[in-house]
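See structure below.
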Amino acid sequence: MLFVQMRQQPSWMRLSYCVEKSGKIPVKTLAKTFASGKTEKLVYTCIKDAGLPDDKNATMTKEQFTFDKFYALYHKVCPRNDIEELFTSITKGKQDFISLEQFIQFMNDKQRDPRMNEILYPLYEEKRCTEIINDYELDEEKKKNVQMSLDGFKRYLMSDENAPVFLDRLDFYMEMDQPLAHYYINSSHNTYLSGRQIGGKSSVEMYRQTLLAGCRCVELDCWNGKGEDEEPIVTHGHAYCTEILFKDCIQAIADCAFVSSEYPVILSFENHCNRAQQYKLAKYCDDFFGDLLLKEPLPDHPLDPGLPLPPPCKLKKKILIKNKRMKPEVEKVELELWLKGELKTDDDPEEDASAGKPPEAAAAPAPAPEAAAATEGAAEGGGGAEAEAAAANYSGSTTNVHPWLSSMVNYAQPIKFQGFDKAIEKNIAHNMSSFAESAGMNYLKQSSIDFVNYNKRQMSRIYPKGTRADSSNYMPQVFWNAGCQMVSLNFQSSDLPMQLNQGKFEYNGGCGYLLKPDFMRRADKDFDPFADAPVDGVIAAQCSVKVIAGQFLSDKKVGTYVEVDMFGLPSDTVKKEFRTRLVANNGLNPVYNEDPFVFRKVVLPDLAVLRFGVYEESGKILGQRILPLDGLQAGYRHVSLRTEANFPMSLPMLFVNIELKIYVPDGFEDFMAMLSDPRGFAGAAKQQNEQMKALGIEEQSGGAARDAGKAKEEEKKEPPLVFEPVTLESLRQEKGFQKVGKKQIKELDTLRKKHAKERTSVQKTQNAAIDKLIKGKSKDDIRNDANIKNSINDQTKQWTDMIARHRKEEWDMLRQHVQDSQDAMKALMLTVQAAQIKQLEDRHARDIKDLNAKQAKMSADTAKEVQNDKTLKTKNEKDRRLREKRQNNVKRFMEEKKQIGVKQGRAMEKLKLAHSKQVEEFSTDVQKLMDMYKIEEEAYKTQGKTEFYA
């Protein structure tokens, strides 16, 4: 296996080239490098012990200064007691080597991210660990026995193979075939300035340095040149900055554009020139760039609405110009006229009076920063209040552009921003807008999701507000969170924002292009950069950082401390909270070794970065490093430090232990442990039961303890509601119905008494009439008396009619009683059903009330728990922990409330279905009774029965 170079090897190589004219290395150079607060005598003693010349004026050849001697000197000057302690903890202090089994366990338990897929990222096994031992162990006897000595262990821990970030992240690892709008682009603002914004110095060299530092978008503020030659100049207009020639800037860009990266360079023109000098802008671009300049759209990526921008991989070694463009039809005509020599290139009479005038340098006092800001971005046609006044219409077209320069503009056409709705309506990917940081922040606050969606289709450029006269920078992270591609910064300022920018773009081969996360590219995903809820498809992380020690942090005997910050989403950002203790008078190898700094919940690891900052006791920064969380390696790692300007430092580094986990909300730790390692979880549970048994606590088999707890919990709950079915029989038992029934019985009894009285009266009258007719007559006379016979027939008919009438009246009353009973029963049924529904709703309300009370109690208990948590040392830590716990509690209670609602809905649906069935059955029974009376009446009519009384 190819030996991976030691982390110190670059430092050794740099020292090897620090030679005098004779080609030899001065010993005093070596001593100065290793000073770090040590006394000069001690350093020279260490140099002598390493087998090197120890005289101050001595020199040595490169052959004498071998890497092994450098390595020996390194550890003599800076002994690694911290690694020795780790070594002893692995060996348990029983031997002077780490066995293969111990090394495998160490690599899997400590040096591996447990979140990684074991198929894609297999566990360490004998073969792989044996190769590592063979690479770093120098003792042949230990190699033979597959053992690692302390020296070999140091060599491994300090090697590039044990870097804090996956090495493939430093190389090209991202897809580069996505549309240009899907990438973050390393971008510069006012690139030509080497100092402040007002009265500062402009320098051509800044273009070289910026491009060599990985920048892919540079800015040129172009103004009309003075004098007879009228050469266009680059300067900060109306801000009394020095001037440089435009053509010199273009030459510098041509020289350095593709040295550090072959991916496209975007030239952001802030164009204040008249047409005559715009011709020169175009000519210099054409002359110096040649085929590097992308003058026309790619054949397979035309400038049509709805089509995405081309990917970076198809724009390799191409320079794009961002400048106003003429209306296509006007450009075509004017370009033809210009090619024929029929178009004059003097100032257009329609131009604004101020356009093209060079900035005056001395007559008046310097303008306020706000005045200088007024011109910022004006020629870009972009976004902020400072730029809108000078912007053209939404199409991005104008007539105040030379047609040749206009024809060179394709995929970066600046336009005035008129709102996200308008941008969606137009859907033109090659239209882009610029926003001053304040304007961009306002859009972000008001329409954050819309801003993210806009950046999925089109590019946006953010630039510092004009009041930053000192060339300070805004924090870029908030705009990266919104997917803004060109978050432009003042590269001349080595402040924290610039450190974050350089740290972020250090990865993916330092090519200046970083692919945005999936959810910030897909049209079917919505992302709110201010939300602290989990992102769909993204697993939140937990990161723990223990700062163990530092090496060669300062060449002075000063006190040092380390700050560890995280930058990402607002909810993930933690700064100025985690700080080690001050180790006094030791800039060489301070040992901090405190409790780990825990970032408990990182919602979006894809956008988060860790920052290590090392400071003197005075607050002066000694070194810093930015590490992306999504490429971070777990375990004991050495973090090489950078200067404020992000240049690598030779020897300074931090020794840290990083732990990475999946974020698990409170209360789900056992569940996650069981899912992650079922065997381990079962084994731990068994061990716990055995320990409890040893203490005299009997195990409750079959989950009895859990069941007992569950039973106790259920005792507190109300029994389930059981509703009796509402039937005719049940309704008849109701007092309301019995009252109606009694009334109906009384009415029927009254009617029947009335009928009986009438029958008695009629019977008496008819009997008296017959008695009168037969009085004194014999049976034969009676039998043959026609009057008697007719009278009897009349009486029979009268009686029959009366009985029929009585029957009808009784049937009518019974039918009415049935109808009244139906109405009464139906009203009663609805009342009973409404009472059941009310009872169910009351139960639901009580459940919600109990849940709210439980939530309020838990909130109070949580606040008390967090307040009393001794591991949380600062107010911010406690506030963040309290917020996290409450968010988890709210989420859990919302889920419980949702479940209660679902349960209530199902119960209500079931009850209403039963009620509907009961009403249907009731109507059927009533109808059957009504039909019975109707059938009896029809049968009576059909029979034509004559009624007789006895």
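Chain labels follow the order of the structure tokens: the first chain is A, the next B, and so on; residue numbering restarts at 1 in every chain, and ligands are counted from 1 in their shown order.
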Can you pull out every residue within 12 Å of stretch 834-840 of chain A, counting only C-alpha atoms, but drop anything in the same chain fewer than 5 positions away, and send it as a CSV table (one decimal) with C-alpha atoms, in the first residue's frame?
```csv
chain,number,residue,atom,x,y,z
A,720,PRO,CA,-64.2,3.7,27.3
A,721,LEU,CA,-67.7,5.1,26.4
A,722,VAL,CA,-70.3,2.4,25.6
A,723,PHE,CA,-73.6,3.7,24.2
A,724,GLU,CA,-76.8,1.6,24.5
A,725,PRO,CA,-78.6,1.3,21.1
A,726,VAL,CA,-81.7,3.5,20.7
A,826,LYS,CA,-88.1,10.7,16.7
A,827,ALA,CA,-87.6,13.9,18.7
A,828,LEU,CA,-86.7,11.8,21.7
A,829,MET,CA,-84.4,9.7,19.6
A,845,ALA,CA,-62.6,17.9,25.3
A,846,ARG,CA,-61.5,16.3,28.6
A,847,ASP,CA,-58.8,14.3,26.8
A,901,GLY,CA,-58.5,13.6,17.1
A,903,LYS,CA,-59.8,8.4,17.6
A,904,GLN,CA,-62.5,10.9,18.3
A,905,GLY,CA,-63.3,11.1,14.6
A,906,ARG,CA,-63.6,7.4,14.2
A,907,ALA,CA,-65.8,7.1,17.4
A,908,MET,CA,-68.0,9.9,16.1
A,909,GLU,CA,-68.3,8.4,12.7
A,910,LYS,CA,-69.2,5.0,14.2
A,911,LEU,CA,-71.8,6.6,16.5
A,912,LYS,CA,-73.4,8.6,13.7
A,913,LEU,CA,-73.6,5.5,11.6
A,914,ALA,CA,-75.3,3.7,14.4
A,915,HIS,CA,-77.7,6.6,14.8
```
Skip A:Leu294 itself and residues of its chain fewer than 3 positions away, then list as a VMD selection string all residues within 6 Å of it, counting only C-alpha atoms.
-> chain A and resid 318 to 320
Residue with smallest distance to A:Val926 - pool A:His844, A:His817, A:Arg881, A:Lys575, counting only C-alpha atoms =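 Of the candidates, the smallest distance to A:Val926 is held by A:His817.
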Which neighbours of A:Asp528 fall inside 10 Å, counting only C-alpha atoms, when residues of the same chain fewer than 2 positions from it are skipped, and could you give them as a VMD selection string?
-> chain A and resid 444 447 to 453 481 to 482 520 526 530 to 533 535 569
Export, as a short mmCIF file (atom, residue, chain, number, x, y, z; two decimals), in the first residue's frame, the selected residues with C-alpha atoms.
```
data_model
loop_
_atom_site.label_atom_id
_atom_site.label_comp_id
_atom_site.auth_asym_id
_atom_site.auth_seq_id
_atom_site.Cartn_x
_atom_site.Cartn_y
_atom_site.Cartn_z
CA LEU A 444 -35.28 36.69 2.58
CA SER A 447 -40.40 35.51 1.21
CA SER A 448 -37.74 33.01 2.22
CA ILE A 449 -39.27 29.98 0.46
CA ASP A 450 -39.87 32.01 -2.71
CA PHE A 451 -36.24 33.17 -2.65
CA VAL A 452 -35.02 29.57 -2.39
CA ASN A 453 -37.28 28.53 -5.27
CA ASN A 481 -28.98 28.98 3.30
CA ALA A 482 -31.32 30.53 0.70
CA MET A 520 -32.42 23.32 -2.75
CA ASP A 526 -39.99 23.44 -0.48
CA PHE A 530 -35.50 29.94 8.83
CA ALA A 531 -37.40 26.86 9.95
CA ASP A 532 -35.91 24.68 12.68
CA ALA A 533 -38.08 21.69 11.82
CA VAL A 535 -35.86 18.91 6.47
CA LEU A 569 -29.18 27.38 9.60
#
```
Considering only C-alpha atoms, return as a PyMOL selection string whatever protein or nucleic-acid residues lie within 12 Å of A:Arg759, sequence-local ones (same chain, fewer than 3 positions apart) excluded.
-> chain A and resi 752-756+762-767+795+798-806+947-950
